$ cat model-v7.cif   # mmCIF, C-alpha atoms
data_final
loop_
_atom_site.label_atom_id
_atom_site.label_comp_id
_atom_site.auth_asym_id
_atom_site.auth_seq_id
_atom_site.Cartn_x
_atom_site.Cartn_y
_atom_site.Cartn_z
CA MET A 1 79.12 48.83 -47.45
CA ASN A 2 77.66 50.20 -44.23
CA THR A 3 74.20 48.99 -45.18
CA VAL A 4 75.56 45.49 -45.83
CA ILE A 5 77.09 45.45 -42.34
CA GLU A 6 73.86 46.75 -40.82
CA VAL A 7 71.84 44.03 -42.52
CA LEU A 8 74.28 41.34 -41.33
CA ARG A 9 74.02 42.68 -37.77
CA ASP A 10 70.21 42.75 -37.81
CA GLN A 11 68.75 40.34 -35.26
CA THR A 12 65.83 39.33 -37.45
CA TRP A 13 65.48 38.96 -41.19
CA SER A 14 62.16 38.69 -42.99
CA PRO A 15 60.98 35.04 -43.03
CA TYR A 16 60.51 35.38 -46.79
CA ALA A 17 64.12 36.46 -47.29
CA VAL A 18 65.32 33.59 -45.09
CA GLY A 19 63.04 31.09 -46.85
CA ALA A 20 64.14 32.22 -50.31
CA GLY A 21 67.75 32.06 -49.11
CA ILE A 22 67.32 28.45 -47.98
CA GLY A 23 65.64 27.67 -51.32
CA VAL A 24 68.55 29.11 -53.30
CA LEU A 25 70.99 27.32 -50.99
CA SER A 26 69.22 24.08 -51.96
CA TRP A 27 69.82 24.83 -55.64
CA LEU A 28 73.53 25.14 -54.87
CA THR A 29 73.73 21.91 -52.83
CA PHE A 30 72.00 19.98 -55.64
CA LEU A 31 74.24 21.53 -58.28
CA PHE A 32 77.65 21.46 -56.61
CA SER A 33 77.30 18.64 -54.07
CA ASP A 34 74.64 16.40 -55.64
CA SER A 35 72.92 16.33 -52.21
CA PRO A 36 69.84 17.79 -50.55
CA LEU A 37 70.02 19.68 -47.23
CA GLY A 38 69.38 17.36 -44.27
CA VAL A 39 70.49 17.22 -40.66
CA SER A 40 69.38 14.06 -38.87
CA THR A 41 71.64 11.56 -40.72
CA ALA A 42 74.62 13.33 -39.13
CA PHE A 43 73.14 12.60 -35.69
CA THR A 44 72.95 8.89 -36.55
CA LYS A 45 76.58 8.86 -37.61
CA SER A 46 77.67 10.75 -34.51
CA ALA A 47 75.69 8.42 -32.23
CA GLY A 48 77.30 5.42 -33.95
CA MET A 49 80.79 6.90 -33.76
CA ILE A 50 80.40 7.68 -30.05
CA GLU A 51 79.16 4.11 -29.44
CA ARG A 52 82.08 2.76 -31.48
CA ALA A 53 84.52 4.77 -29.34
CA ILE A 54 83.04 3.19 -26.19
CA ARG A 55 82.24 -0.36 -27.32
CA GLY A 56 84.74 -0.88 -30.13
CA PRO A 57 84.53 -1.74 -33.85
CA LYS A 58 81.79 -4.39 -33.38
CA VAL A 59 79.31 -1.49 -33.42
CA GLU A 60 79.91 -1.16 -37.18
CA LYS A 61 78.38 -4.63 -37.59
CA LYS A 62 74.92 -3.32 -36.63
CA LEU A 63 72.58 -3.52 -39.60
CA TYR A 64 71.72 0.18 -39.41
CA TYR A 65 75.39 1.19 -39.52
CA GLN A 66 76.00 -1.24 -42.39
CA GLU A 67 73.35 0.64 -44.36
CA ASN A 68 74.43 4.05 -43.06
CA LYS A 69 78.22 3.87 -42.95
CA LEU A 70 79.88 5.62 -40.02
CA GLY A 71 82.34 8.39 -40.75
CA VAL A 72 82.72 12.07 -41.50
CA ASP A 73 81.04 12.99 -44.78
CA TRP A 74 79.35 15.96 -46.50
CA GLY A 75 76.21 15.72 -44.36
CA TRP A 76 78.24 15.54 -41.16
CA VAL A 77 80.37 18.63 -41.81
CA LEU A 78 77.16 20.37 -42.94
CA VAL A 79 75.93 20.24 -39.32
CA ILE A 80 79.27 21.55 -38.01
CA GLY A 81 78.75 24.37 -40.51
CA VAL A 82 75.22 25.00 -39.18
CA PHE A 83 76.69 25.44 -35.69
CA ILE A 84 79.42 27.85 -36.85
CA GLY A 85 77.04 29.83 -39.08
CA ALA A 86 74.46 30.18 -36.29
CA LEU A 87 77.24 31.14 -33.84
CA VAL A 88 78.58 33.87 -36.14
CA SER A 89 75.05 35.13 -36.82
CA ALA A 90 74.21 35.35 -33.11
CA GLY A 91 77.63 36.84 -32.35
CA ILE A 92 77.45 39.72 -34.79
CA SER A 93 73.86 40.58 -33.92
CA GLY A 94 74.55 40.48 -30.18
CA THR A 95 71.97 37.79 -29.38
CA PHE A 96 74.39 35.28 -27.82
CA ARG A 97 73.40 34.62 -24.22
CA PHE A 98 73.76 31.53 -22.01
CA ASP A 99 70.35 30.40 -20.81
CA TRP A 100 69.18 27.22 -19.11
CA VAL A 101 65.44 27.85 -19.27
CA PRO A 102 63.63 29.72 -22.09
CA SER A 103 61.63 32.67 -20.70
CA MET A 104 58.37 31.39 -22.22
CA TRP A 105 58.84 28.09 -20.37
CA GLU A 106 59.74 29.90 -17.15
CA ALA A 107 56.59 32.07 -17.33
CA ALA A 108 54.41 28.96 -17.61
CA PHE A 109 56.20 26.33 -15.52
CA GLY A 110 58.70 28.18 -13.30
CA ALA A 111 62.47 28.52 -13.30
CA ASN A 112 63.35 25.00 -12.13
CA ILE A 113 66.25 24.00 -14.38
CA PHE A 114 65.87 20.26 -13.86
CA THR A 115 62.22 20.13 -14.93
CA ARG A 116 63.08 21.92 -18.17
CA LEU A 117 66.17 19.77 -18.83
CA ALA A 118 64.30 16.52 -18.14
CA VAL A 119 61.61 17.49 -20.66
CA ALA A 120 64.28 18.65 -23.15
CA LEU A 121 66.16 15.35 -22.83
CA ALA A 122 63.03 13.23 -23.25
CA GLY A 123 61.98 15.42 -26.18
CA GLY A 124 65.39 15.04 -27.79
CA ILE A 125 65.23 11.25 -27.50
CA CYS A 126 61.80 11.21 -29.23
CA LEU A 127 63.15 13.58 -31.93
CA GLY A 128 66.20 11.47 -32.69
CA PHE A 129 64.29 8.19 -32.64
CA GLY A 130 61.37 9.57 -34.65
CA ALA A 131 63.57 11.32 -37.22
CA ARG A 132 65.45 8.13 -38.01
CA TRP A 133 62.23 6.11 -38.14
CA ALA A 134 60.82 8.70 -40.54
CA GLY A 135 64.05 8.71 -42.58
CA GLY A 136 64.52 12.47 -42.16
CA CYS A 137 63.63 15.52 -40.11
CA THR A 138 62.17 18.97 -40.68
CA SER A 139 65.08 19.69 -43.07
CA GLY A 140 65.42 16.42 -45.00
CA HIS A 141 61.68 15.75 -45.35
CA GLY A 142 60.12 19.11 -44.43
CA ILE A 143 62.18 21.25 -46.83
CA SER A 144 64.28 19.10 -49.18
CA GLY A 145 61.77 16.28 -49.69
CA THR A 146 58.69 18.47 -50.08
CA MET A 147 60.43 20.72 -52.66
CA GLN A 148 61.12 17.60 -54.75
CA LEU A 149 57.38 16.83 -54.41
CA VAL A 150 58.07 13.46 -52.76
CA LEU A 151 54.83 11.97 -51.37
CA GLY A 152 56.44 10.39 -48.30
CA SER A 153 58.04 13.72 -47.36
CA TRP A 154 54.72 15.59 -47.59
CA LEU A 155 53.12 12.92 -45.41
CA ALA A 156 56.00 13.06 -42.92
CA ALA A 157 55.97 16.88 -42.78
CA ALA A 158 52.22 16.90 -42.12
CA CYS A 159 52.62 14.34 -39.31
CA PHE A 160 55.55 16.28 -37.76
CA PHE A 161 53.30 19.30 -37.37
CA ILE A 162 50.06 17.51 -36.41
CA SER A 163 51.86 15.72 -33.60
CA GLY A 164 53.98 18.77 -32.68
CA VAL A 165 50.91 21.02 -32.43
CA ALA A 166 49.02 18.43 -30.34
CA THR A 167 51.97 18.01 -27.97
CA ALA A 168 52.54 21.77 -27.59
CA MET A 169 48.82 22.37 -26.95
CA PHE A 170 48.82 19.59 -24.34
CA ILE A 171 51.88 21.00 -22.55
CA TYR A 172 50.79 24.65 -22.55
CA ARG A 173 47.00 24.41 -22.45
CA VAL A 174 46.35 21.30 -20.35
CA LEU A 175 49.30 20.95 -17.98
CA MET B 1 77.11 18.46 -64.47
CA PHE B 2 80.08 19.11 -62.16
CA THR B 3 80.81 15.39 -61.77
CA ARG B 4 84.47 16.17 -61.08
CA VAL B 5 83.43 18.55 -58.34
CA HIS B 6 81.09 15.91 -56.87
CA ASN B 7 83.87 13.32 -56.83
CA ASN B 8 86.45 15.57 -55.19
CA LYS B 9 86.07 14.41 -51.58
CA ARG B 10 88.15 17.13 -49.97
CA LEU B 11 86.37 19.87 -51.90
CA GLN B 12 83.00 18.36 -50.92
CA LEU B 13 83.92 18.52 -47.23
CA THR B 14 84.76 22.21 -47.66
CA LEU B 15 81.52 22.83 -49.56
CA GLY B 16 79.51 20.95 -46.91
CA LEU B 17 80.96 23.18 -44.22
CA LEU B 18 80.27 26.31 -46.30
CA PHE B 19 76.68 25.32 -47.16
CA GLY B 20 76.07 24.40 -43.52
CA PHE B 21 77.44 27.79 -42.46
CA CYS B 22 74.91 29.55 -44.73
CA PHE B 23 72.09 27.30 -43.50
CA GLY B 24 72.87 27.97 -39.83
CA PHE B 25 73.32 31.70 -40.46
CA LEU B 26 69.91 31.88 -42.18
CA LEU B 27 68.13 29.80 -39.52
CA GLN B 28 69.48 32.09 -36.79
CA LYS B 29 68.53 35.28 -38.70
CA GLY B 30 65.05 33.83 -39.24
CA ARG B 31 64.81 33.44 -35.43
CA VAL B 32 63.74 29.80 -35.84
CA CYS B 33 66.50 28.73 -33.44
CA ASP B 34 64.49 30.51 -30.69
CA TYR B 35 62.38 28.29 -28.44
CA GLU B 36 59.61 30.88 -28.32
CA ILE B 37 59.29 31.22 -32.13
CA ILE B 38 59.01 27.45 -32.62
CA MET B 39 56.70 26.95 -29.62
CA ARG B 40 54.42 29.79 -30.69
CA GLN B 41 54.27 28.18 -34.15
CA LEU B 42 53.20 24.87 -32.61
CA LEU B 43 50.62 26.78 -30.53
CA LEU B 44 49.48 28.43 -33.81
CA GLN B 45 50.20 31.95 -32.52
CA ASP B 46 53.15 32.85 -34.78
CA PHE B 47 53.72 31.56 -38.30
CA THR B 48 57.40 32.40 -38.85
CA VAL B 49 58.40 28.72 -39.12
CA LEU B 50 55.71 27.95 -41.69
CA LYS B 51 56.49 31.10 -43.69
CA ILE B 52 60.17 30.16 -43.93
CA MET B 53 59.45 26.53 -44.81
CA LEU B 54 56.85 27.34 -47.46
CA THR B 55 59.03 30.03 -49.07
CA ALA B 56 62.02 27.66 -49.10
CA MET B 57 59.86 24.92 -50.58
CA ALA B 58 58.49 27.12 -53.38
CA THR B 59 61.85 28.71 -54.22
CA GLY B 60 63.59 25.36 -54.05
CA MET B 61 61.18 23.46 -56.28
CA LEU B 62 61.30 26.14 -59.01
CA GLY B 63 65.09 26.00 -59.20
CA VAL B 64 65.61 22.30 -58.65
CA TYR B 65 63.04 21.23 -61.27
CA ALA B 66 64.32 23.88 -63.73
CA MET B 67 67.87 22.57 -63.36
CA ARG B 68 66.60 19.01 -63.65
CA GLY B 69 64.84 19.94 -66.90
CA LEU B 70 68.19 21.21 -68.20
CA GLY B 71 69.85 17.96 -67.11
CA TRP B 72 72.07 19.76 -64.59
CA VAL B 73 70.94 17.96 -61.43
CA LYS B 74 69.27 14.73 -60.44
CA LEU B 75 66.64 14.34 -57.76
CA HIS B 76 67.27 12.65 -54.40
CA LYS B 77 63.94 11.16 -53.43
CA LYS B 78 63.68 9.23 -50.19
CA ALA B 79 61.70 6.02 -50.52
CA GLY B 80 58.62 6.18 -48.33
CA SER B 81 55.96 3.98 -46.79
CA LEU B 82 52.97 4.43 -44.51
CA GLY B 83 54.87 2.47 -41.84
CA ALA B 84 57.86 4.85 -42.01
CA ASN B 85 56.24 8.19 -42.75
CA ILE B 86 53.40 8.13 -40.19
CA PRO B 87 54.59 6.57 -36.89
CA GLY B 88 58.13 8.01 -37.10
CA PRO B 89 56.94 11.58 -37.68
CA LEU B 90 54.29 11.27 -34.93
CA ILE B 91 57.03 10.30 -32.44
CA PHE B 92 59.17 13.12 -33.85
CA GLY B 93 56.31 15.59 -33.27
CA ILE B 94 56.03 14.62 -29.59
CA GLY B 95 59.73 15.39 -29.25
CA PHE B 96 59.34 18.60 -31.27
CA GLY B 97 56.65 19.85 -28.86
CA MET B 98 58.64 18.82 -25.76
CA LEU B 99 62.05 20.14 -26.79
CA GLY B 100 60.84 23.15 -28.77
CA TYR B 101 63.58 22.76 -31.37
CA CYS B 102 64.06 20.35 -34.29
CA PRO B 103 67.43 18.67 -34.98
CA GLY B 104 68.82 21.49 -37.17
CA THR B 105 67.52 24.35 -35.06
CA SER B 106 68.66 22.67 -31.81
CA VAL B 107 72.24 22.92 -33.12
CA GLY B 108 71.58 26.56 -34.05
CA ALA B 109 70.08 27.22 -30.61
CA VAL B 110 73.16 25.85 -28.81
CA ALA B 111 75.12 28.34 -30.91
CA HIS B 112 73.26 31.27 -29.33
CA GLY B 113 73.77 29.89 -25.84
CA ALA B 114 70.57 27.86 -25.21
CA LEU B 115 71.77 25.14 -22.84
CA ASP B 116 68.43 23.29 -22.83
CA ALA B 117 69.03 22.81 -26.57
CA LEU B 118 72.42 21.26 -25.73
CA VAL B 119 70.65 18.70 -23.53
CA GLY B 120 68.22 18.23 -26.44
CA VAL B 121 71.15 17.51 -28.79
CA ILE B 122 72.37 14.82 -26.36
CA GLY B 123 68.83 13.41 -26.35
CA ILE B 124 68.72 13.33 -30.16
CA LEU B 125 72.01 11.38 -30.20
CA ILE B 126 70.59 8.89 -27.67
CA GLY B 127 67.36 8.58 -29.69
CA ALA B 128 69.26 8.01 -32.95
CA GLY B 129 71.42 5.37 -31.25
CA LEU B 130 68.33 3.63 -29.82
CA TYR B 131 66.81 3.57 -33.30
CA ALA B 132 69.88 1.79 -34.67
CA ALA B 133 69.30 -0.87 -31.99
CA VAL B 134 65.63 -1.52 -32.84
CA TYR B 135 66.01 -1.07 -36.62
CA PRO B 136 66.51 -4.80 -37.45
CA LYS B 137 63.27 -5.61 -35.59
CA ILE B 138 61.07 -3.19 -37.52
CA LYS B 139 62.78 -3.15 -40.92
CA GLY B 140 60.96 -5.97 -42.71
CA ARG B 141 57.72 -5.34 -40.80
CA ILE B 142 56.39 -1.90 -39.89
CA LEU B 143 58.75 0.02 -42.20
CA ALA B 144 57.72 -2.09 -45.20
CA PHE B 145 53.99 -1.58 -44.58
CA GLY B 146 52.22 0.46 -47.28
CA ASP B 147 55.40 0.96 -49.32
CA PHE B 148 55.12 3.59 -52.06
CA GLY B 149 58.81 4.01 -52.93
CA GLY B 150 60.05 7.37 -54.16
CA LYS B 151 56.77 8.41 -55.79
CA THR B 152 56.18 12.13 -56.26
CA LEU B 153 53.02 14.18 -56.65
CA ILE B 154 53.70 14.18 -60.41
CA ASP B 155 53.62 10.36 -60.49
CA VAL B 156 50.22 10.11 -58.82
CA LEU B 157 48.46 13.00 -60.57
CA PRO B 158 47.18 12.61 -64.15
CA VAL B 159 49.86 14.92 -65.60
CA ARG B 160 53.15 14.32 -67.36
CA ASN B 161 54.70 17.76 -67.25
CA PRO B 162 56.11 18.57 -63.77
CA TRP B 163 55.31 22.26 -64.27
CA ALA B 164 51.58 21.40 -64.36
CA VAL B 165 52.02 20.53 -60.67
CA ILE B 166 54.73 22.98 -59.65
CA LEU B 167 53.22 26.22 -60.96
CA PRO B 168 49.77 25.70 -59.37
CA LEU B 169 51.47 24.55 -56.14
CA VAL B 170 53.67 27.66 -56.01
CA ALA B 171 50.55 29.77 -56.63
CA VAL B 172 48.74 28.04 -53.74
CA ILE B 173 51.74 28.60 -51.44
CA ALA B 174 51.85 32.28 -52.44
CA LEU B 175 48.11 32.66 -51.74
CA LEU B 176 48.46 30.92 -48.40
CA LEU B 177 51.31 33.22 -47.37
CA PHE B 178 49.32 36.24 -48.54
CA ALA B 179 46.33 35.06 -46.49
CA LEU B 180 48.54 34.62 -43.40
CA GLU B 181 49.78 38.21 -43.75
CA LYS B 182 46.24 39.46 -44.36
CA ALA B 183 45.11 37.72 -41.18
CA GLY B 184 47.93 39.46 -39.29
CA LEU B 185 49.62 36.18 -38.32
#
$ encode --input "model-v7.cif" --output "structure tokens"
Amino acid sequence: MNTVIEVLRDQTWSPYAVGAGIGVLSWLTFLFSDSPLGVSTAFTKSAGMIERAIRGPKVEKKLYYQENKLGVDWGWVLVIGVFIGALVSAGISGTFRFDWVPSMWEAAFGANIFTRLAVALAGGICLGFGARWAGGCTSGHGISGTMQLVLGSWLAAACFFISGVATAMFIYRVL
Amino acid sequence: MFTRVHNNKRLQLTLGLLFGFCFGFLLQKGRVCDYEIIMRQLLLQDFTVLKIMLTAMATGMLGVYAMRGLGWVKLHKKAGSLGANIPGPLIFGIGFGMLGYCPGTSVGAVAHGALDALVGVIGILIGAGLYAAVYPKIKGRILAFGDFGGKTLIDVLPVRNPWAVILPLVAVIALLLFALEKAGL
């Protein structure tokens, strides 16, 4: 029992254990929920629901929300679960800490909060826009799609990383 | 299999929350909700992200295709096209490099107190909303370009048995991971 608690409190698990865990988790979501793991659809629904709260029910008329119905579903609560699971994990291993600027960023570009947040916001916008254009993110395409051997998902995953590596190299090596 | 479970909406919401909990717990324990781990992956200095993704991929495909062979599960293949699966991911990658988290890990990062990830989450919501606005303009055009539907590697290779693709692929992934460890990465 003590070893189980120690393992749960560990800050870092082997990437192979985590990867195998996510693989087995995918078996369970296919079997019991008839769904693959994916995160970015929930962002679309949340964005649409926030817009609906501000601008009213006419938002539902948008073609994209006709094809991706707004509302709380399996994929939406999945992301709430991701938050709670990550919170519990960080809590029991003592890694929870409020931080505006990651230390690696600070070492390279200084501690200015607004520079970091401006880049984070612009990056987030590209992520959300690009994920929906791609039809999935690093979870939906990168893990769930590739494991089903879907061509489009392999192509998408390759492009995520090619572009991500180029951008990171530009930010840290050139700027 | 489990059709009654699939159709039980309330149970599915509980399961979604539970599966999400496990996913978030694992992502945090894998340290892939840390800016530095993701950024060092994109700078090709640390391969934690790739190790987790490749292991998940290999484990997942073995189980999912085995269960499919038994008739227990059906696949959920996203239809793809050159117009969807190249430009979208390239834009995504720019955001990935700027934010230093992807959509799932940004949520996990907020959960360990990273407030830049919270701003990133707001950005992702804005980006997803913007996409809904431009979607009608690109749907019949760019997105339809080079359409290849839900084709898999098995469909385009001269094999009929999925295991003729899966087993060699799992072996290649295992070799790649072994090589990464050998190289000390």
$ resolve_selection --input "model-v7.cif" --expression "the PyMOL selection byres ((chain B and resi 146) around 8)" --output "JSON, numbers by chain"
{"B": [81, 82, 83, 144, 145, 147, 148]}
$ atom_distance --input "model-v7.cif" --atom1 "CA of Ile5 (chain A)" --atom2 "CA of Thr95 (chain A)"
15.9 Å
$ resolve_selection --input "model-v7.cif" --expression "the PyMOL selection byres ((chain A and resi 12-23) around 8)" --output "VMD selection string"
(chain A and resid 10 to 11 24 to 27) or (chain B and resid 23 26 to 27 29 to 31 48 to 49 51 to 61)
$ atom_distance --input "model-v7.cif" --atom1 "CA of Gly69 (chain B)" --atom2 "CA of Ile154 (chain B)"
14.1 Å
$ axis_aligned_box --input "model-v7.cif" --around "region 13-28 of chain B" --padding-each-side "6 Å" --output "JSON"
{"center_x": 76.4, "center_y": 25.3, "center_z": -43.2, "size_x": 28.6, "size_y": 25.6, "size_z": 24.8}
$ resolve_selection --input "model-v7.cif" --expression "the PyMOL selection byres ((chain A and resi 134-140) around 7)" --output "JSON, numbers by chain"
{"A": [37, 38, 39, 40, 130, 131, 132, 133, 141, 142, 143, 144, 145, 156, 157], "B": [84, 85, 88, 89, 102]}
$ residues_around --input "model-v7.cif" --residues "Ala133 (chain B)" --least-positions-apart "3" --cutoff "8 Å" --atoms "all atoms listed in the file" --output "PyMOL selection string"
(chain A and resi 62+64) or (chain B and resi 129-130+136)
$ atom_distance --input "model-v7.cif" --atom1 "CA of Phe96 (chain A)" --atom2 "CA of Gly16 (chain B)"
24.4 Å
$ closest_residue --input "model-v7.cif" --among "A:Ala118, A:Ile125, A:Met104, A:Ala47" --to "Lys69 (chain A)" --atoms "all atoms listed in the file"
A:Ala47
$ closest_residue --input "model-v7.cif" --among "B:Thr152, B:Gly100, B:Phe47, B:Ile142" --to "chain A" --atoms "only C-alpha atoms"
B:Thr152
$ residues_around --input "model-v7.cif" --residues "Ile171 (chain A)" --least-positions-apart "6" --cutoff "12 Å" --atoms "all atoms listed in the file" --output "ChimeraX atom specification"
/A:105,108-109,119,164-165 /B:39,42-43,94-100
$ residues_around --input "model-v7.cif" --residues "Val88 (chain A)" --least-positions-apart "4" --cutoff "12 Å" --atoms "only C-alpha atoms" --output "ChimeraX atom specification"
/A:8-9,11,81-84,92-96 /B:21-29,108,111-112
$ decode --input "model-v7.cif" --residues "region 65-86 of chain A" --atoms "N, CA, C and O atoms" --output "mmCIF file, in the first residue's frame"
data_model
loop_
_atom_site.group_PDB
_atom_site.id
_atom_site.type_symbol
_atom_site.label_atom_id
_atom_site.label_comp_id
_atom_site.auth_asym_id
_atom_site.auth_seq_id
_atom_site.Cartn_x
_atom_site.Cartn_y
_atom_site.Cartn_z
ATOM 1 N N TYR A 65 -21.473 25.343 -36.356
ATOM 2 C CA TYR A 65 -22.173 24.850 -35.167
ATOM 3 C C TYR A 65 -23.391 24.005 -35.544
ATOM 4 O O TYR A 65 -23.950 23.310 -34.697
ATOM 5 N N GLN A 66 -23.812 24.075 -36.809
ATOM 6 C CA GLN A 66 -24.825 23.137 -37.292
ATOM 7 C C GLN A 66 -24.203 21.750 -37.410
ATOM 8 O O GLN A 66 -24.802 20.746 -37.085
ATOM 9 N N GLU A 67 -22.948 21.739 -37.898
ATOM 10 C CA GLU A 67 -22.255 20.455 -38.095
ATOM 11 C C GLU A 67 -21.640 19.939 -36.803
ATOM 12 O O GLU A 67 -21.425 18.740 -36.656
ATOM 13 N N ASN A 68 -21.325 20.838 -35.889
ATOM 14 C CA ASN A 68 -20.774 20.452 -34.584
ATOM 15 C C ASN A 68 -21.687 21.049 -33.512
ATOM 16 O O ASN A 68 -21.470 22.159 -33.045
ATOM 17 N N LYS A 69 -22.727 20.313 -33.174
ATOM 18 C CA LYS A 69 -23.775 20.841 -32.285
ATOM 19 C C LYS A 69 -23.213 21.298 -30.942
ATOM 20 O O LYS A 69 -22.378 20.612 -30.334
ATOM 21 N N LEU A 70 -23.680 22.480 -30.507
ATOM 22 C CA LEU A 70 -23.239 22.996 -29.215
ATOM 23 C C LEU A 70 -23.875 22.195 -28.092
ATOM 24 O O LEU A 70 -24.979 21.685 -28.233
ATOM 25 N N GLY A 71 -23.191 22.117 -26.972
ATOM 26 C CA GLY A 71 -23.758 21.430 -25.817
ATOM 27 C C GLY A 71 -22.701 20.626 -25.086
ATOM 28 O O GLY A 71 -21.586 20.457 -25.570
ATOM 29 N N VAL A 72 -23.078 20.169 -23.914
ATOM 30 C CA VAL A 72 -22.160 19.390 -23.079
ATOM 31 C C VAL A 72 -22.288 17.922 -23.459
ATOM 32 O O VAL A 72 -23.371 17.354 -23.379
ATOM 33 N N ASP A 73 -21.205 17.323 -23.934
ATOM 34 C CA ASP A 73 -21.247 15.908 -24.309
ATOM 35 C C ASP A 73 -20.019 15.192 -23.732
ATOM 36 O O ASP A 73 -19.262 15.763 -22.945
ATOM 37 N N TRP A 74 -19.820 13.950 -24.137
ATOM 38 C CA TRP A 74 -18.718 13.117 -23.640
ATOM 39 C C TRP A 74 -17.372 13.827 -23.786
ATOM 40 O O TRP A 74 -16.572 13.888 -22.847
ATOM 41 N N GLY A 75 -17.128 14.377 -24.990
ATOM 42 C CA GLY A 75 -15.838 15.007 -25.257
ATOM 43 C C GLY A 75 -15.624 16.273 -24.440
ATOM 44 O O GLY A 75 -14.478 16.647 -24.147
ATOM 45 N N TRP A 76 -16.714 16.910 -24.072
ATOM 46 C CA TRP A 76 -16.617 18.154 -23.291
ATOM 47 C C TRP A 76 -16.279 17.856 -21.828
ATOM 48 O O TRP A 76 -15.375 18.442 -21.259
ATOM 49 N N VAL A 77 -16.990 16.878 -21.251
ATOM 50 C CA VAL A 77 -16.674 16.527 -19.853
ATOM 51 C C VAL A 77 -15.296 15.866 -19.763
ATOM 52 O O VAL A 77 -14.633 15.943 -18.726
ATOM 53 N N LEU A 78 -14.853 15.248 -20.866
ATOM 54 C CA LEU A 78 -13.512 14.653 -20.893
ATOM 55 C C LEU A 78 -12.463 15.705 -20.527
ATOM 56 O O LEU A 78 -11.548 15.454 -19.743
ATOM 57 N N VAL A 79 -12.619 16.916 -21.093
ATOM 58 C CA VAL A 79 -11.638 17.985 -20.853
ATOM 59 C C VAL A 79 -11.736 18.513 -19.419
ATOM 60 O O VAL A 79 -10.717 18.850 -18.802
ATOM 61 N N ILE A 80 -12.952 18.551 -18.876
ATOM 62 C CA ILE A 80 -13.104 18.897 -17.450
ATOM 63 C C ILE A 80 -12.347 17.854 -16.620
ATOM 64 O O ILE A 80 -11.640 18.179 -15.665
ATOM 65 N N GLY A 81 -12.486 16.597 -17.027
ATOM 66 C CA GLY A 81 -11.779 15.507 -16.345
ATOM 67 C C GLY A 81 -10.269 15.673 -16.439
ATOM 68 O O GLY A 81 -9.553 15.435 -15.458
ATOM 69 N N VAL A 82 -9.772 16.078 -17.610
ATOM 70 C CA VAL A 82 -8.326 16.305 -17.782
ATOM 71 C C VAL A 82 -7.842 17.329 -16.755
ATOM 72 O O VAL A 82 -6.817 17.133 -16.091
ATOM 73 N N PHE A 83 -8.622 18.408 -16.595
ATOM 74 C CA PHE A 83 -8.248 19.455 -15.639
ATOM 75 C C PHE A 83 -8.191 18.895 -14.216
ATOM 76 O O PHE A 83 -7.202 19.076 -13.504
ATOM 77 N N ILE A 84 -9.241 18.166 -13.821
ATOM 78 C CA ILE A 84 -9.299 17.640 -12.447
ATOM 79 C C ILE A 84 -8.174 16.613 -12.223
ATOM 80 O O ILE A 84 -7.487 16.638 -11.195
ATOM 81 N N GLY A 85 -7.981 15.729 -13.206
ATOM 82 C CA GLY A 85 -6.942 14.707 -13.076
ATOM 83 C C GLY A 85 -5.558 15.323 -12.957
ATOM 84 O O GLY A 85 -4.734 14.900 -12.130
ATOM 85 N N ALA A 86 -5.287 16.345 -13.780
ATOM 86 C CA ALA A 86 -3.981 17.007 -13.739
ATOM 87 C C ALA A 86 -3.810 17.762 -12.427
ATOM 88 O O ALA A 86 -2.718 17.811 -11.850
#
